[in-house]
Structures are given as C-alpha cells and as structure tokens.
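> Supplied structure: run_2.pdb, PDB, C-alpha atoms.
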```pdb
ATOM      1  CA  MET A   1     -35.527 -13.025 -20.232
ATOM      2  CA  ALA A   2     -35.471  -9.350 -21.064
ATOM      3  CA  LYS A   3     -32.564  -7.963 -23.041
ATOM      4  CA  LEU A   4     -31.407  -5.005 -21.031
ATOM      5  CA  LEU A   5     -29.499  -2.234 -22.778
ATOM      6  CA  ILE A   6     -28.147   0.548 -20.615
ATOM      7  CA  LEU A   7     -26.654   3.589 -22.298
ATOM      8  CA  GLY A   8     -24.208   5.616 -20.283
ATOM      9  CA  ILE A   9     -24.540   9.342 -19.969
ATOM     10  CA  SER A  10     -22.097  11.193 -22.207
ATOM     11  CA  LEU A  11     -19.090  12.433 -20.432
ATOM     12  CA  VAL A  12     -17.666  15.764 -21.506
ATOM     13  CA  ALA A  13     -13.989  16.175 -21.030
ATOM     14  CA  LEU A  14     -12.595  19.538 -21.828
ATOM     15  CA  ALA A  15      -8.888  20.152 -22.006
ATOM     16  CA  SER A  16      -6.571  22.539 -23.766
ATOM     17  CA  CYS A  17      -6.289  21.818 -27.496
ATOM     18  CA  GLN A  18      -8.552  18.690 -27.197
ATOM     19  CA  ASP A  19     -11.865  17.919 -28.844
ATOM     20  CA  GLU A  20     -14.970  17.051 -26.842
ATOM     21  CA  ILE A  21     -15.011  13.364 -25.853
ATOM     22  CA  GLU A  22     -18.427  11.627 -25.775
ATOM     23  CA  PRO A  23     -17.929   7.980 -24.839
ATOM     24  CA  GLU A  24     -20.938   5.656 -24.882
ATOM     25  CA  ILE A  25     -21.173   3.024 -22.146
ATOM     26  CA  GLU A  26     -23.186   0.015 -23.287
ATOM     27  CA  ILE A  27     -24.029  -2.938 -21.012
ATOM     28  CA  ASP A  28     -25.758  -5.956 -22.494
ATOM     29  CA  MET A  29     -27.125  -8.535 -20.074
ATOM     30  CA  ASP A  30     -29.851 -11.163 -19.689
ATOM     31  CA  GLY A  31     -32.358  -9.554 -17.359
ATOM     32  CA  ILE A  32     -34.813 -11.523 -15.211
ATOM     33  CA  VAL A  33     -38.420 -10.306 -15.138
ATOM     34  CA  SER A  34     -41.192 -11.532 -12.865
ATOM     35  CA  ASN A  35     -42.767 -13.960 -15.353
ATOM     36  CA  ASP A  36     -39.494 -15.739 -16.178
ATOM     37  CA  PRO A  37     -39.181 -19.369 -14.987
ATOM     38  CA  VAL A  38     -36.174 -18.548 -12.800
ATOM     39  CA  ALA A  39     -38.078 -15.725 -11.097
ATOM     40  CA  GLN A  40     -41.086 -17.948 -10.488
ATOM     41  CA  SER A  41     -38.827 -20.657  -9.052
ATOM     42  CA  ILE A  42     -37.218 -18.161  -6.676
ATOM     43  CA  VAL A  43     -40.643 -16.895  -5.596
ATOM     44  CA  ALA A  44     -41.801 -20.464  -4.857
ATOM     45  CA  VAL A  45     -38.902 -20.896  -2.432
ATOM     46  CA  ALA A  46     -39.325 -17.419  -0.917
ATOM     47  CA  THR A  47     -43.090 -17.707  -0.369
ATOM     48  CA  LYS A  48     -43.903 -17.589   3.341
ATOM     49  CA  ASP A  49     -44.675 -21.082   4.629
ATOM     50  CA  GLY A  50     -47.482 -20.867   7.166
ATOM     51  CA  SER A  51     -47.825 -24.575   7.925
ATOM     52  CA  THR A  52     -45.774 -24.699  11.128
ATOM     53  CA  ASP A  53     -48.555 -23.201  13.256
ATOM     54  CA  ASN A  54     -51.548 -24.905  11.618
ATOM     55  CA  ILE A  55     -52.577 -26.214  15.016
ATOM     56  CA  ILE A  56     -53.727 -22.629  15.678
ATOM     57  CA  ASP A  57     -55.033 -21.171  12.420
ATOM     58  CA  ARG A  58     -55.687 -24.322  10.332
ATOM     59  CA  SER A  59     -54.151 -22.503   7.355
ATOM     60  CA  SER A  60     -50.817 -22.909   5.568
ATOM     61  CA  CYS A  61     -51.323 -19.456   4.049
ATOM     62  CA  THR A  62     -50.985 -17.593   7.344
ATOM     63  CA  THR A  63     -48.381 -17.457  10.105
ATOM     64  CA  VAL A  64     -49.544 -16.300  13.517
ATOM     65  CA  ILE A  65     -47.631 -13.449  15.123
ATOM     66  CA  PHE A  66     -47.097 -14.112  18.817
ATOM     67  CA  PRO A  67     -48.211 -13.449  21.487
ATOM     68  CA  ILE A  68     -51.740 -14.737  20.944
ATOM     69  CA  ALA A  69     -54.509 -15.173  23.493
ATOM     70  CA  GLY A  70     -56.814 -18.160  23.788
ATOM     71  CA  ILE A  71     -59.395 -19.570  26.190
ATOM     72  CA  PHE A  72     -58.396 -22.979  27.497
ATOM     73  CA  GLU A  73     -60.263 -24.827  30.245
ATOM     74  CA  ASP A  74     -62.438 -21.741  30.824
ATOM     75  CA  GLU A  75     -59.452 -19.464  31.427
ATOM     76  CA  GLU A  76     -57.855 -16.961  29.087
ATOM     77  CA  GLN A  77     -54.173 -17.619  28.550
ATOM     78  CA  VAL A  78     -51.573 -15.693  26.601
ATOM     79  CA  PHE A  79     -49.226 -17.895  24.569
ATOM     80  CA  GLN A  80     -45.841 -16.329  23.865
ATOM     81  CA  THR A  81     -44.521 -19.039  21.530
ATOM     82  CA  LEU A  82     -45.701 -21.911  19.350
ATOM     83  CA  THR A  83     -43.882 -24.282  21.712
ATOM     84  CA  GLU A  84     -46.275 -23.291  24.506
ATOM     85  CA  VAL A  85     -49.249 -24.137  22.295
ATOM     86  CA  GLU A  86     -47.775 -27.468  21.182
ATOM     87  CA  ALA A  87     -47.155 -28.379  24.828
ATOM     88  CA  LEU A  88     -50.941 -28.714  25.211
ATOM     89  CA  GLY A  89     -50.893 -31.680  22.837
ATOM     90  CA  ALA A  90     -54.425 -32.598  21.791
ATOM     91  CA  GLY A  91     -55.638 -29.945  24.219
ATOM     92  CA  ALA A  92     -54.613 -27.326  21.649
ATOM     93  CA  LEU A  93     -57.670 -28.373  19.631
ATOM     94  CA  GLU A  94     -59.867 -27.189  22.498
ATOM     95  CA  VAL A  95     -58.481 -23.636  22.621
ATOM     96  CA  ASP A  96     -60.828 -20.851  21.537
ATOM     97  CA  TRP A  97     -58.532 -18.209  20.051
ATOM     98  CA  VAL A  98     -59.275 -14.633  20.939
ATOM     99  CA  PHE A  99     -59.694 -12.151  18.086
ATOM    100  CA  PRO A 100     -58.226  -9.888  16.864
ATOM    101  CA  PHE A 101     -54.769 -11.285  16.270
ATOM    102  CA  ASN A 102     -52.095 -10.603  13.656
ATOM    103  CA  VAL A 103     -50.798 -12.929  10.956
ATOM    104  CA  ILE A 104     -48.263 -12.899   8.127
ATOM    105  CA  LEU A 105     -49.605 -13.880   4.717
ATOM    106  CA  PHE A 106     -47.857 -16.019   2.080
ATOM    107  CA  ASP A 107     -46.507 -12.832   0.441
ATOM    108  CA  HIS A 108     -44.950 -11.662   3.740
ATOM    109  CA  THR A 109     -47.486  -8.899   4.346
ATOM    110  CA  GLU A 110     -48.905  -8.505   7.859
ATOM    111  CA  ILE A 111     -52.636  -8.144   8.492
ATOM    112  CA  THR A 112     -55.017  -8.212  11.451
ATOM    113  CA  LEU A 113     -57.760 -10.845  11.591
ATOM    114  CA  ASN A 114     -60.700  -9.327  13.409
ATOM    115  CA  ASP A 115     -62.992 -12.320  13.619
ATOM    116  CA  GLU A 116     -63.530 -15.962  12.703
ATOM    117  CA  ASP A 117     -65.146 -15.032   9.386
ATOM    118  CA  GLU A 118     -61.996 -13.284   8.158
ATOM    119  CA  LEU A 119     -59.892 -16.320   9.074
ATOM    120  CA  GLU A 120     -62.329 -18.692   7.365
ATOM    121  CA  THR A 121     -62.161 -16.613   4.179
ATOM    122  CA  ILE A 122     -58.390 -17.168   4.075
ATOM    123  CA  GLN A 123     -58.765 -20.852   4.958
ATOM    124  CA  ASP A 124     -61.275 -21.388   2.141
ATOM    125  CA  GLY A 125     -58.914 -19.866  -0.409
ATOM    126  CA  CYS A 126     -55.793 -21.659   0.767
ATOM    127  CA  ILE A 127     -54.506 -24.682  -1.153
ATOM    128  CA  GLU A 128     -53.492 -27.361   1.346
ATOM    129  CA  GLY A 129     -51.987 -30.823   1.356
ATOM    130  CA  GLY A 130     -48.713 -30.031  -0.376
ATOM    131  CA  SER A 131     -50.389 -28.853  -3.611
ATOM    132  CA  ASP A 132     -49.757 -25.201  -2.798
ATOM    133  CA  PRO A 133     -47.285 -23.271  -4.998
ATOM    134  CA  ASP A 134     -44.600 -22.774  -2.363
ATOM    135  CA  ASN A 135     -41.505 -24.998  -2.356
ATOM    136  CA  GLU A 136     -40.666 -25.994   1.224
ATOM    137  CA  CYS A 137     -38.094 -28.621   0.285
ATOM    138  CA  ILE A 138     -35.223 -26.209  -0.328
ATOM    139  CA  ASP A 139     -34.072 -22.858   1.074
ATOM    140  CA  PHE A 140     -31.668 -20.142   0.046
ATOM    141  CA  ILE A 141     -28.514 -19.629   2.056
ATOM    142  CA  TYR A 142     -28.515 -15.854   2.359
ATOM    143  CA  PRO A 143     -27.171 -13.434   1.390
ATOM    144  CA  PHE A 144     -26.763 -13.301  -2.358
ATOM    145  CA  THR A 145     -26.297 -10.237  -4.557
ATOM    146  CA  ILE A 146     -28.281  -9.013  -7.548
ATOM    147  CA  GLN A 147     -28.099  -6.104  -9.969
ATOM    148  CA  VAL A 148     -31.407  -4.304 -10.343
ATOM    149  CA  PHE A 149     -32.705  -2.046 -13.105
ATOM    150  CA  ASP A 150     -35.805  -0.058 -12.090
ATOM    151  CA  THR A 151     -37.885   0.631 -15.201
ATOM    152  CA  ARG A 152     -39.626   3.560 -13.508
ATOM    153  CA  THR A 153     -36.505   5.513 -12.610
ATOM    154  CA  GLU A 154     -34.111   3.848 -15.088
ATOM    155  CA  ASN A 155     -31.643   3.536 -12.232
ATOM    156  CA  VAL A 156     -29.306   0.585 -11.772
ATOM    157  CA  ASP A 157     -28.125  -0.493  -8.351
ATOM    158  CA  SER A 158     -26.666  -3.458  -6.538
ATOM    159  CA  ARG A 159     -28.720  -5.136  -3.818
ATOM    160  CA  GLU A 160     -27.939  -7.790  -1.255
ATOM    161  CA  ILE A 161     -30.850 -10.186  -0.726
ATOM    162  CA  THR A 162     -30.850 -11.282   2.916
ATOM    163  CA  SER A 163     -34.267 -12.876   3.470
ATOM    164  CA  ASP A 164     -37.206 -14.661   1.846
ATOM    165  CA  ARG A 165     -39.220 -11.477   2.164
ATOM    166  CA  GLU A 166     -36.691  -9.470   0.151
ATOM    167  CA  ALA A 167     -36.406 -12.218  -2.467
ATOM    168  CA  TYR A 168     -40.201 -12.501  -2.802
ATOM    169  CA  ASN A 169     -40.758  -8.765  -3.146
ATOM    170  CA  THR A 170     -37.921  -8.363  -5.661
ATOM    171  CA  PHE A 171     -38.769 -11.228  -8.018
ATOM    172  CA  THR A 172     -42.533 -10.593  -8.006
ATOM    173  CA  SER A 173     -42.073  -6.936  -8.940
ATOM    174  CA  SER A 174     -43.303  -6.010 -12.423
ATOM    175  CA  VAL A 175     -41.060  -2.919 -12.599
ATOM    176  CA  LEU A 176     -37.701  -4.511 -11.809
ATOM    177  CA  ILE A 177     -35.304  -6.277 -14.160
ATOM    178  CA  THR A 178     -32.585  -8.173 -12.333
ATOM    179  CA  THR A 179     -29.417 -10.160 -12.832
ATOM    180  CA  ILE A 180     -27.997 -12.500 -10.223
ATOM    181  CA  GLU A 181     -24.364 -12.542  -9.176
ATOM    182  CA  TYR A 182     -23.507 -16.232  -8.983
ATOM    183  CA  PRO A 183     -22.870 -18.559  -7.315
ATOM    184  CA  VAL A 184     -26.054 -18.867  -5.239
ATOM    185  CA  ARG A 185     -26.037 -21.432  -2.440
ATOM    186  CA  MET A 186     -29.047 -23.428  -1.262
ATOM    187  CA  ILE A 187     -29.778 -26.143   1.303
ATOM    188  CA  ASP A 188     -32.285 -28.939   0.729
ATOM    189  CA  ALA A 189     -34.533 -30.799   3.170
ATOM    190  CA  THR A 190     -31.854 -33.432   3.861
ATOM    191  CA  GLY A 191     -29.257 -30.807   4.762
ATOM    192  CA  ASN A 192     -27.263 -31.000   1.530
ATOM    193  CA  THR A 193     -25.754 -27.744   0.253
ATOM    194  CA  LEU A 194     -26.165 -27.040  -3.464
ATOM    195  CA  GLU A 195     -24.671 -24.321  -5.657
ATOM    196  CA  ALA A 196     -26.003 -22.754  -8.853
ATOM    197  CA  PHE A 197     -23.821 -20.837 -11.289
ATOM    198  CA  THR A 198     -26.409 -19.891 -13.909
ATOM    199  CA  ASN A 199     -30.117 -19.084 -14.129
ATOM    200  CA  GLU A 200     -30.719 -22.465 -15.740
ATOM    201  CA  GLU A 201     -28.905 -24.331 -12.966
ATOM    202  CA  LEU A 202     -30.821 -22.411 -10.294
ATOM    203  CA  THR A 203     -34.159 -23.193 -11.920
ATOM    204  CA  ASN A 204     -33.280 -26.884 -12.250
ATOM    205  CA  ILE A 205     -32.157 -27.206  -8.625
ATOM    206  CA  ILE A 206     -35.347 -25.632  -7.334
ATOM    207  CA  THR A 207     -37.577 -27.612  -9.698
ATOM    208  CA  ASN A 208     -35.924 -30.916  -8.805
ATOM    209  CA  ALA A 209     -36.327 -30.194  -5.086
ATOM    210  CA  ALA A 210     -40.069 -29.581  -5.381
ATOM    211  CA  ASN A 211     -42.122 -32.393  -3.795
ATOM    212  CA  SER A 212     -38.932 -34.184  -2.709
ATOM    213  CA  CYS A 213     -39.929 -33.882   0.958
ATOM    214  CA  ASP A 214     -43.032 -34.105   3.128
ATOM    215  CA  GLU A 215     -44.209 -30.507   3.398
ATOM    216  CA  GLN A 216     -46.520 -31.483   6.293
ATOM    217  CA  ASP A 217     -49.225 -28.975   5.386
ATOM    218  CA  ILE A 218     -51.531 -30.572   7.929
ATOM    219  CA  ILE A 219     -54.734 -28.841   8.983
ATOM    220  CA  GLU A 220     -56.656 -31.820  10.408
ATOM    221  CA  PHE A 221     -54.852 -32.802  13.595
ATOM    222  CA  GLU A 222     -57.488 -35.073  15.108
ATOM    223  CA  GLU A 223     -56.187 -38.192  13.352
ATOM    224  CA  ILE A 224     -52.628 -37.461  14.466
ATOM    225  CA  PHE A 225     -53.561 -37.061  18.120
ATOM    226  CA  GLU A 226     -55.873 -40.064  17.945
ATOM    227  CA  GLU A 227     -52.988 -42.203  16.708
ATOM    228  CA  GLU A 228     -50.702 -40.880  19.444
ATOM    229  CA  LEU A 229     -53.257 -41.917  22.069
ATOM    230  CA  ARG A 230     -53.744 -45.306  20.446
ATOM    231  CA  MET A 231     -50.001 -45.845  20.558
ATOM    232  CA  LEU A 232     -50.007 -44.972  24.260
ATOM    233  CA  PHE A 233     -52.715 -47.486  25.115
ATOM    234  CA  LYS A 234     -51.076 -50.191  22.978
ATOM    235  CA  SER A 235     -47.582 -49.550  24.338
ATOM    236  CA  THR A 236     -47.906 -51.733  27.434
ATOM    237  CA  ASP A 237     -50.221 -53.718  29.689
ATOM    238  CA  TRP A 238     -52.206 -51.668  32.177
ATOM    239  CA  GLU A 239     -53.546 -52.214  35.681
ATOM    240  CA  VAL A 240     -56.397 -50.399  37.409
ATOM    241  CA  SER A 241     -54.618 -48.339  40.065
ATOM    242  CA  PHE A 242     -57.735 -46.382  41.062
ATOM    243  CA  TYR A 243     -61.484 -46.815  40.599
ATOM    244  CA  GLU A 244     -64.213 -44.682  42.110
ATOM    245  CA  SER A 245     -67.946 -44.473  41.466
ATOM    246  CA  ASP A 246     -70.165 -41.809  43.023
ATOM    247  CA  SER A 247     -67.371 -40.947  45.507
ATOM    248  CA  VAL A 248     -67.036 -44.591  46.603
ATOM    249  CA  GLU A 249     -63.555 -46.021  45.998
ATOM    250  CA  ASN A 250     -63.475 -49.680  44.877
ATOM    251  CA  THR A 251     -60.008 -50.168  43.410
ATOM    252  CA  SER A 252     -59.606 -53.541  45.113
ATOM    253  CA  LEU A 253     -62.261 -55.052  42.799
ATOM    254  CA  PHE A 254     -59.671 -55.030  40.042
ATOM    255  CA  SER A 255     -56.811 -56.604  41.949
ATOM    256  CA  GLY A 256     -55.034 -59.161  39.772
ATOM    257  CA  TYR A 257     -56.508 -57.865  36.513
ATOM    258  CA  THR A 258     -54.343 -56.719  33.614
ATOM    259  CA  LEU A 259     -55.739 -54.862  30.603
ATOM    260  CA  ARG A 260     -54.232 -55.225  27.142
ATOM    261  CA  PHE A 261     -55.227 -52.907  24.287
ATOM    262  CA  ASN A 262     -54.386 -54.656  21.012
ATOM    263  CA  GLU A 263     -53.385 -53.320  17.591
ATOM    264  CA  ASP A 264     -56.606 -54.610  15.963
ATOM    265  CA  MET A 265     -58.636 -52.623  18.516
ATOM    266  CA  THR A 266     -59.578 -55.738  20.465
ATOM    267  CA  LEU A 267     -59.267 -55.747  24.230
ATOM    268  CA  GLN A 268     -58.205 -58.437  26.675
ATOM    269  CA  SER A 269     -58.365 -58.654  30.426
ATOM    270  CA  GLN A 270     -56.157 -61.250  32.045
ATOM    271  CA  GLY A 271     -57.098 -62.249  35.553
ATOM    272  CA  ALA A 272     -58.923 -65.274  36.868
ATOM    273  CA  GLU A 273     -59.960 -65.801  33.251
ATOM    274  CA  VAL A 274     -59.355 -64.078  29.932
ATOM    275  CA  VAL A 275     -62.186 -61.750  28.910
ATOM    276  CA  GLU A 276     -62.167 -60.104  25.505
ATOM    277  CA  GLY A 277     -63.719 -56.931  24.201
ATOM    278  CA  GLU A 278     -63.172 -53.881  21.992
ATOM    279  CA  TRP A 279     -61.841 -50.358  22.402
ATOM    280  CA  ASP A 280     -61.436 -47.170  20.402
ATOM    281  CA  ILE A 281     -60.164 -43.596  20.635
ATOM    282  CA  GLU A 282     -62.178 -40.544  19.629
ATOM    283  CA  LEU A 283     -61.232 -36.881  19.535
ATOM    284  CA  SER A 284     -63.559 -33.908  19.228
ATOM    285  CA  ASP A 285     -63.074 -30.147  19.521
ATOM    286  CA  THR A 286     -63.967 -30.337  23.202
ATOM    287  CA  ALA A 287     -62.663 -33.665  24.514
ATOM    288  CA  LYS A 288     -60.705 -36.847  23.898
ATOM    289  CA  SER A 289     -62.138 -40.187  24.941
ATOM    290  CA  VAL A 290     -61.606 -43.943  24.962
ATOM    291  CA  SER A 291     -64.477 -46.391  24.695
ATOM    292  CA  ILE A 292     -64.100 -49.700  26.541
ATOM    293  CA  GLU A 293     -66.512 -52.578  25.943
ATOM    294  CA  PHE A 294     -65.827 -55.986  27.500
ATOM    295  CA  ASP A 295     -67.949 -58.955  26.380
ATOM    296  CA  THR A 296     -69.291 -59.618  29.831
ATOM    297  CA  GLU A 297     -72.098 -58.624  32.186
ATOM    298  CA  GLU A 298     -70.096 -59.639  35.234
ATOM    299  CA  GLU A 299     -68.329 -57.342  37.668
ATOM    300  CA  PRO A 300     -65.798 -55.975  37.915
ATOM    301  CA  LEU A 301     -65.055 -55.664  34.172
ATOM    302  CA  VAL A 302     -68.584 -54.570  33.246
ATOM    303  CA  LEU A 303     -67.938 -51.480  35.389
ATOM    304  CA  LEU A 304     -65.363 -50.373  32.829
ATOM    305  CA  ASN A 305     -67.797 -50.470  29.901
ATOM    306  CA  GLU A 306     -68.112 -46.742  29.288
ATOM    307  CA  ASN A 307     -66.975 -44.017  26.902
ATOM    308  CA  TRP A 308     -64.360 -42.503  29.204
ATOM    309  CA  THR A 309     -63.073 -38.942  28.915
ATOM    310  CA  ILE A 310     -59.275 -38.844  29.029
ATOM    311  CA  THR A 311     -58.428 -36.070  31.482
ATOM    312  CA  GLU A 312     -54.669 -36.636  31.874
ATOM    313  CA  HIS A 313     -52.063 -38.992  30.513
ATOM    314  CA  THR A 314     -48.359 -39.752  30.702
ATOM    315  CA  GLN A 315     -46.355 -42.712  29.423
ATOM    316  CA  THR A 316     -47.061 -44.603  32.660
ATOM    317  CA  GLN A 317     -50.449 -43.322  33.801
ATOM    318  CA  ILE A 318     -53.834 -42.521  32.236
ATOM    319  CA  THR A 319     -56.608 -40.762  34.170
ATOM    320  CA  LEU A 320     -60.198 -41.206  32.940
ATOM    321  CA  GLU A 321     -63.611 -39.879  33.940
ATOM    322  CA  TYR A 322     -67.228 -40.660  33.101
ATOM    323  CA  GLN A 323     -70.335 -38.741  34.056
ATOM    324  CA  ASP A 324     -73.046 -41.312  34.751
ATOM    325  CA  PRO A 325     -76.534 -39.781  35.087
ATOM    326  CA  GLU A 326     -77.550 -42.491  37.574
ATOM    327  CA  GLU A 327     -74.349 -43.435  39.392
ATOM    328  CA  GLY A 328     -72.708 -40.013  39.429
ATOM    329  CA  THR A 329     -69.077 -39.446  38.468
ATOM    330  CA  LYS A 330     -66.892 -42.468  37.817
ATOM    331  CA  ARG A 331     -63.118 -42.081  37.941
ATOM    332  CA  LEU A 332     -60.577 -44.555  36.639
ATOM    333  CA  GLN A 333     -56.810 -44.556  36.640
ATOM    334  CA  LEU A 334     -54.691 -46.964  34.631
ATOM    335  CA  SER A 335     -51.021 -47.502  35.431
ATOM    336  CA  SER A 336     -48.438 -49.490  33.526
ATOM    337  CA  ASN A 337     -46.906 -52.574  35.090
TER
END
```
Produce structure tokens that represent the structure in this file.

Amino acid sequence: MAKLLILGISLVALASCQDEIEPEIEIDMDGIVSNDPVAQSIVAVATKDGSTDNIIDRSSCTTVIFPIAGIFEDEEQVFQTLTEVEALGAGALEVDWVFPFNVILFDHTEITLNDEDELETIQDGCIEGGSDPDNECIDFIYPFTIQVFDTRTENVDSREITSDREAYNTFTSSVLITTIEYPVRMIDATGNTLEAFTNEELTNIITNAANSCDEQDIIEFEEIFEEELRMLFKSTDWEVSFYESDSVENTSLFSGYTLRFNEDMTLQSQGAEVVEGEWDIELSDTAKSVSIEFDTEEEPLVLLNENWTITEHTQTQITLEYQDPEEGTKRLQLSSN
C-alpha cells in the first residue's frame, strides 16, 4: 500500500476587518498501487480469457474478433459467430483460417494477425492448461467505484469501473494510486454472489476462488471429438442400412446382422452366429475415421474390414466411405435399431 497524502490548495477569504484564512485540507488514505496483492488479484480476474474460442486459434491468450473467414470443404465461408464454428463439430478442426484476422490479447488490446507465424508466436508464449495467471473462477459484478490519484498530474478523481478492460488498465497502471469504495460484489463459478468490504477481504475472496473450477483451457480438441464419436458408436446397436461397393449396391448381404461397438473397443456382430472383432476412432486435421476389423475371412462381415472415413453422423445414422484402390469407392450406412 502507498500512503497517500493530499494537501489542499490554500483558500483565501477576504472580508472586511478579517484576517486572511489559509485552511489546509489533508486526506490520509491507504492507496493501492499496481504491485500490491489486491491490485494483482483484481488484474487476475480482469485479464481477458481467450479460451472460449480455442477451437479456432488454439490459444487461451487471444480472442478472435468476428467475423472470420475460413476454407471448409474447399469453399471459403465467413463465420459471424463462434456458435457457427462450433456447429461444425469435429469439422472445425479441418477449417483453414484465412489471414489476416483480428484478435484481442489477454491485456484487452486489439491486434491484427497477418499470418500463421504471428499466431504461432503467441501460441508458443501462452501458458495453457489452467496454469495461466488469469482467474476464470470468479467475476466482478460491475460497476464499482474507485478514487484515483494520478501521480503525473497530481489530480484526484472518482471513476466508475464498468468492465474487465477498465479494471485491468487501471490496476496495472504504474502512475495511478487508487482506493476502492466498498462493498464490491462478485459472482463465482457456481453462481454464488460474494461481497468484499475491505482490500483484505477482496484479496481473500479472489485467492480462494482461484483453481476452484475447471477453466477448460483446452487447445487439443482431437481427444474430445474422438470420445464424442466413441460414445455415439457405443450408444446403441447398429444395422447396415446401406452398403455399396464400386457403384454396386449389396445391402441385402447384411440382412439380420446387428453390430455392437463395446466399451473395451471390442466388436460383435450378432446374426446367424456371433463374430467378434475390434474397432477404434481416429481424428486428424483432415478427416475422422473408424476402423472395423472382424475376426473372419467370410462374407459379408469381411467386407466391413476397412478404415472408414466418417462423412456424416447423427444420433441414429452414421454414413461412412472408403476409397479402395482395387474395388473403387465403398459406401456404408449404419442405422440404429
């Protein structure tokens, strides 16, 4: 804390038969400077969290400013919102983002990223996985009021803080000394409202909230989407509702067969007899696939032993494709019972 002493300007009051009056106005307060624990706690809460759009920039230190253009399935699309990007699901991993685009940094400044190298420089310097200095488990309920002494101008004024950006810029400034008008209200990750009445209480509330929630600073989404696809395959038994090889449709070969994808990544086909096998899901930057391998050399199940590209999927239907260099394109559709 900085002890702030403000001396008032002498006031001269002249009146008939009166002496000059020179009152001294003295204000003594505990001032907050940028390296104080309470200031650093406030800054941790006010730091811009860039993790919500990591599916685009793979960086919790940047927040993309929409609209943003990307090439998806060989066509350039303009995405107006993050919701539009998330609607692609795992397909969002296949988008080639078009530079330049604008982002907001952790300190609320806006910059333009001109190429992949500039983005990678930020990614390399960004601390991920919840070890970053920002505190995402609690937020201020704005506004709150502060008194500010500017050491450059020696002026004192009252300011209303209405946003994280204002709070960050104020409490990181090396030329400002501030006092907070309490109470200050906050809301934690569970929705509870908390109030602080002193600097010490505010620091304790913020410190106790740190790491009390999952900050979800995820930059590797492949495992998440892989698990979502695994859950889809395991969710029910499936029947072959369409099979085609080299433009010849042979769905009837699979009549009476049911496929079951098990939790331990084993596979069962129930038909005239039970045939077992294995399966797995794999995601890359360009495709998502499921490998099917039945322990048989007999048709029709041996026809399914491929690493199939997943082209479409819903909760009740999965469409697969395999490019066979000898047999041409194979197409498979699984439907739930």
> List the spatial neighbours of Ala167 in chain A as a PDB file with C-alpha atoms, keeping the file's coordinate frame - criterion: any atom at most 10 Å away, all atoms listed in the file, same-chain residues fewer than 2 positions off excluded.

```pdb
ATOM      1  CA  ALA A  39     -38.078 -15.725 -11.097  1.00  0.00           C
ATOM      2  CA  ILE A  42     -37.218 -18.161  -6.676  1.00  0.00           C
ATOM      3  CA  VAL A  43     -40.643 -16.895  -5.596  1.00  0.00           C
ATOM      4  CA  VAL A  45     -38.902 -20.896  -2.432  1.00  0.00           C
ATOM      5  CA  ALA A  46     -39.325 -17.419  -0.917  1.00  0.00           C
ATOM      6  CA  THR A  47     -43.090 -17.707  -0.369  1.00  0.00           C
ATOM      7  CA  PHE A 140     -31.668 -20.142   0.046  1.00  0.00           C
ATOM      8  CA  TYR A 142     -28.515 -15.854   2.359  1.00  0.00           C
ATOM      9  CA  PHE A 144     -26.763 -13.301  -2.358  1.00  0.00           C
ATOM     10  CA  GLU A 160     -27.939  -7.790  -1.255  1.00  0.00           C
ATOM     11  CA  ILE A 161     -30.850 -10.186  -0.726  1.00  0.00           C
ATOM     12  CA  THR A 162     -30.850 -11.282   2.916  1.00  0.00           C
ATOM     13  CA  SER A 163     -34.267 -12.876   3.470  1.00  0.00           C
ATOM     14  CA  ASP A 164     -37.206 -14.661   1.846  1.00  0.00           C
ATOM     15  CA  ARG A 165     -39.220 -11.477   2.164  1.00  0.00           C
ATOM     16  CA  ASN A 169     -40.758  -8.765  -3.146  1.00  0.00           C
ATOM     17  CA  THR A 170     -37.921  -8.363  -5.661  1.00  0.00           C
ATOM     18  CA  PHE A 171     -38.769 -11.228  -8.018  1.00  0.00           C
ATOM     19  CA  THR A 172     -42.533 -10.593  -8.006  1.00  0.00           C
TER      20      THR A 172
END
```
> Find the residues near Gln270 in chain A: any atom within 12 Å, counting all atoms listed in the file, skip ones fewer than 6 places away on the same chain, and give them as a list in words.
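After dropping sequence-adjacent residues, the list is Asp237, Trp238, Glu239, Phe254, Ser255, Gly256, Tyr257, Thr258, Leu259, Arg260, Phe261, Glu276, Gly277, Phe294 and Leu301 of chain A.
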> Just the number, please: distance in Å from CA of Gly31 in chain A to CA of Thr179 in chain A, one decimal.
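Computing it gives 5.4 Å between the two atoms.
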> For Asn262 in chain A, please output as JSON, numbers by chain all residues within 12 Å (counting all atoms listed in the file; exclusion window: fewer than 5 positions along the same chain).
{"A": [230, 231, 232, 233, 234, 235, 236, 237, 238, 267, 268, 269, 276, 277, 278, 279, 280]}
> Going by the chain IDs and residue numbers used in this file, which residues fall under the PyMOL selection byres ((chain A and resi 203-208) around 8)? Write them as a list of chain:residue names.
A:Pro37, A:Val38, A:Ser41, A:Ile42, A:Val45, A:Asn135, A:Ile138, A:Leu194, A:Ala196, A:Asn199, A:Glu200, A:Glu201, A:Leu202, A:Ala209, A:Ala210, A:Ser212
> Determine the residue set returned by the PyMOL selection byres ((chain A and resi 59-73) around 6) for the present structure, and present it as a list in words.
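When the PyMOL selection byres ((chain A and resi 59-73) around 6) is applied, the selected residues are Gly50, Ser51, Asn54, Asp57, Arg58, Asp74, Glu75, Glu76, Gln77, Val78, Phe79, Gln80, Val95, Asp96, Trp97, Val98, Asn102, Val103, Ile104, Leu105, Phe106, Gln123 and Cys126 of chain A.
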> Quick one: distance from CA of Gly191 in chain A to CA of Glu136 in chain A in Å, one decimal?
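It comes out at 12.9 Å.
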> Around all the atoms of range 28-44 of chain A listed in the file, draw an axis-aligned box and extend it by 8 Å on each of the six sides; I want its centre and edge lengths in Å to one decimal, as JSON.

```
{"center_x": -34.3, "center_y": -13.3, "center_z": -13.7, "size_x": 33.0, "size_y": 30.7, "size_z": 33.6}
```
> Just so the selection is clear, what residues does the PyMOL selection byres ((chain A and resi 328) around 12) cover here, as a count of residues only?
15
> Can you measure CA of Cys213 in chain A to CA of Cys137 in chain A for me? One decimal in Å is fine.
5.6 Å
> Tell me which of A:Ile224, A:Phe99, A:Ile146, A:Ser284 sits closest to Asp115 in chain A, counting all atoms listed in the file.
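Looking only at the distances to Asp115 in chain A, the closest residue turns out to be A:Phe99.
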> From the set A:Ala87, A:Leu334, A:Ile127, A:Thr314, which residue has the shortest atom-to-atom contact distance to Thr251 in chain A, counting all atoms listed in the file?
A:Leu334
> Name the closest residue to Glu84 in chain A among the candidates A:Leu176, A:Ile141, A:Ile318, A:Ile55; distances are taken between atoms, counting all atoms listed in the file.
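Checking each of A:Leu176, A:Ile141, A:Ile318, A:Ile55 against Glu84 in chain A, counting all atoms listed in the file, the winner is A:Ile55.
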> Name the closest residue to Asp107 in chain A among the candidates A:Ser289, A:Ser241, A:Asn305, A:Ser173; distances are taken between atoms, counting all atoms listed in the file.
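The closest residue to Asp107 in chain A is A:Ser173.
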> Have a look at A:Leu283, A:Val240, A:Val274, A:Ala189 and name the one nearest to Phe221 in chain A; count all atoms listed in the file.
A:Leu283
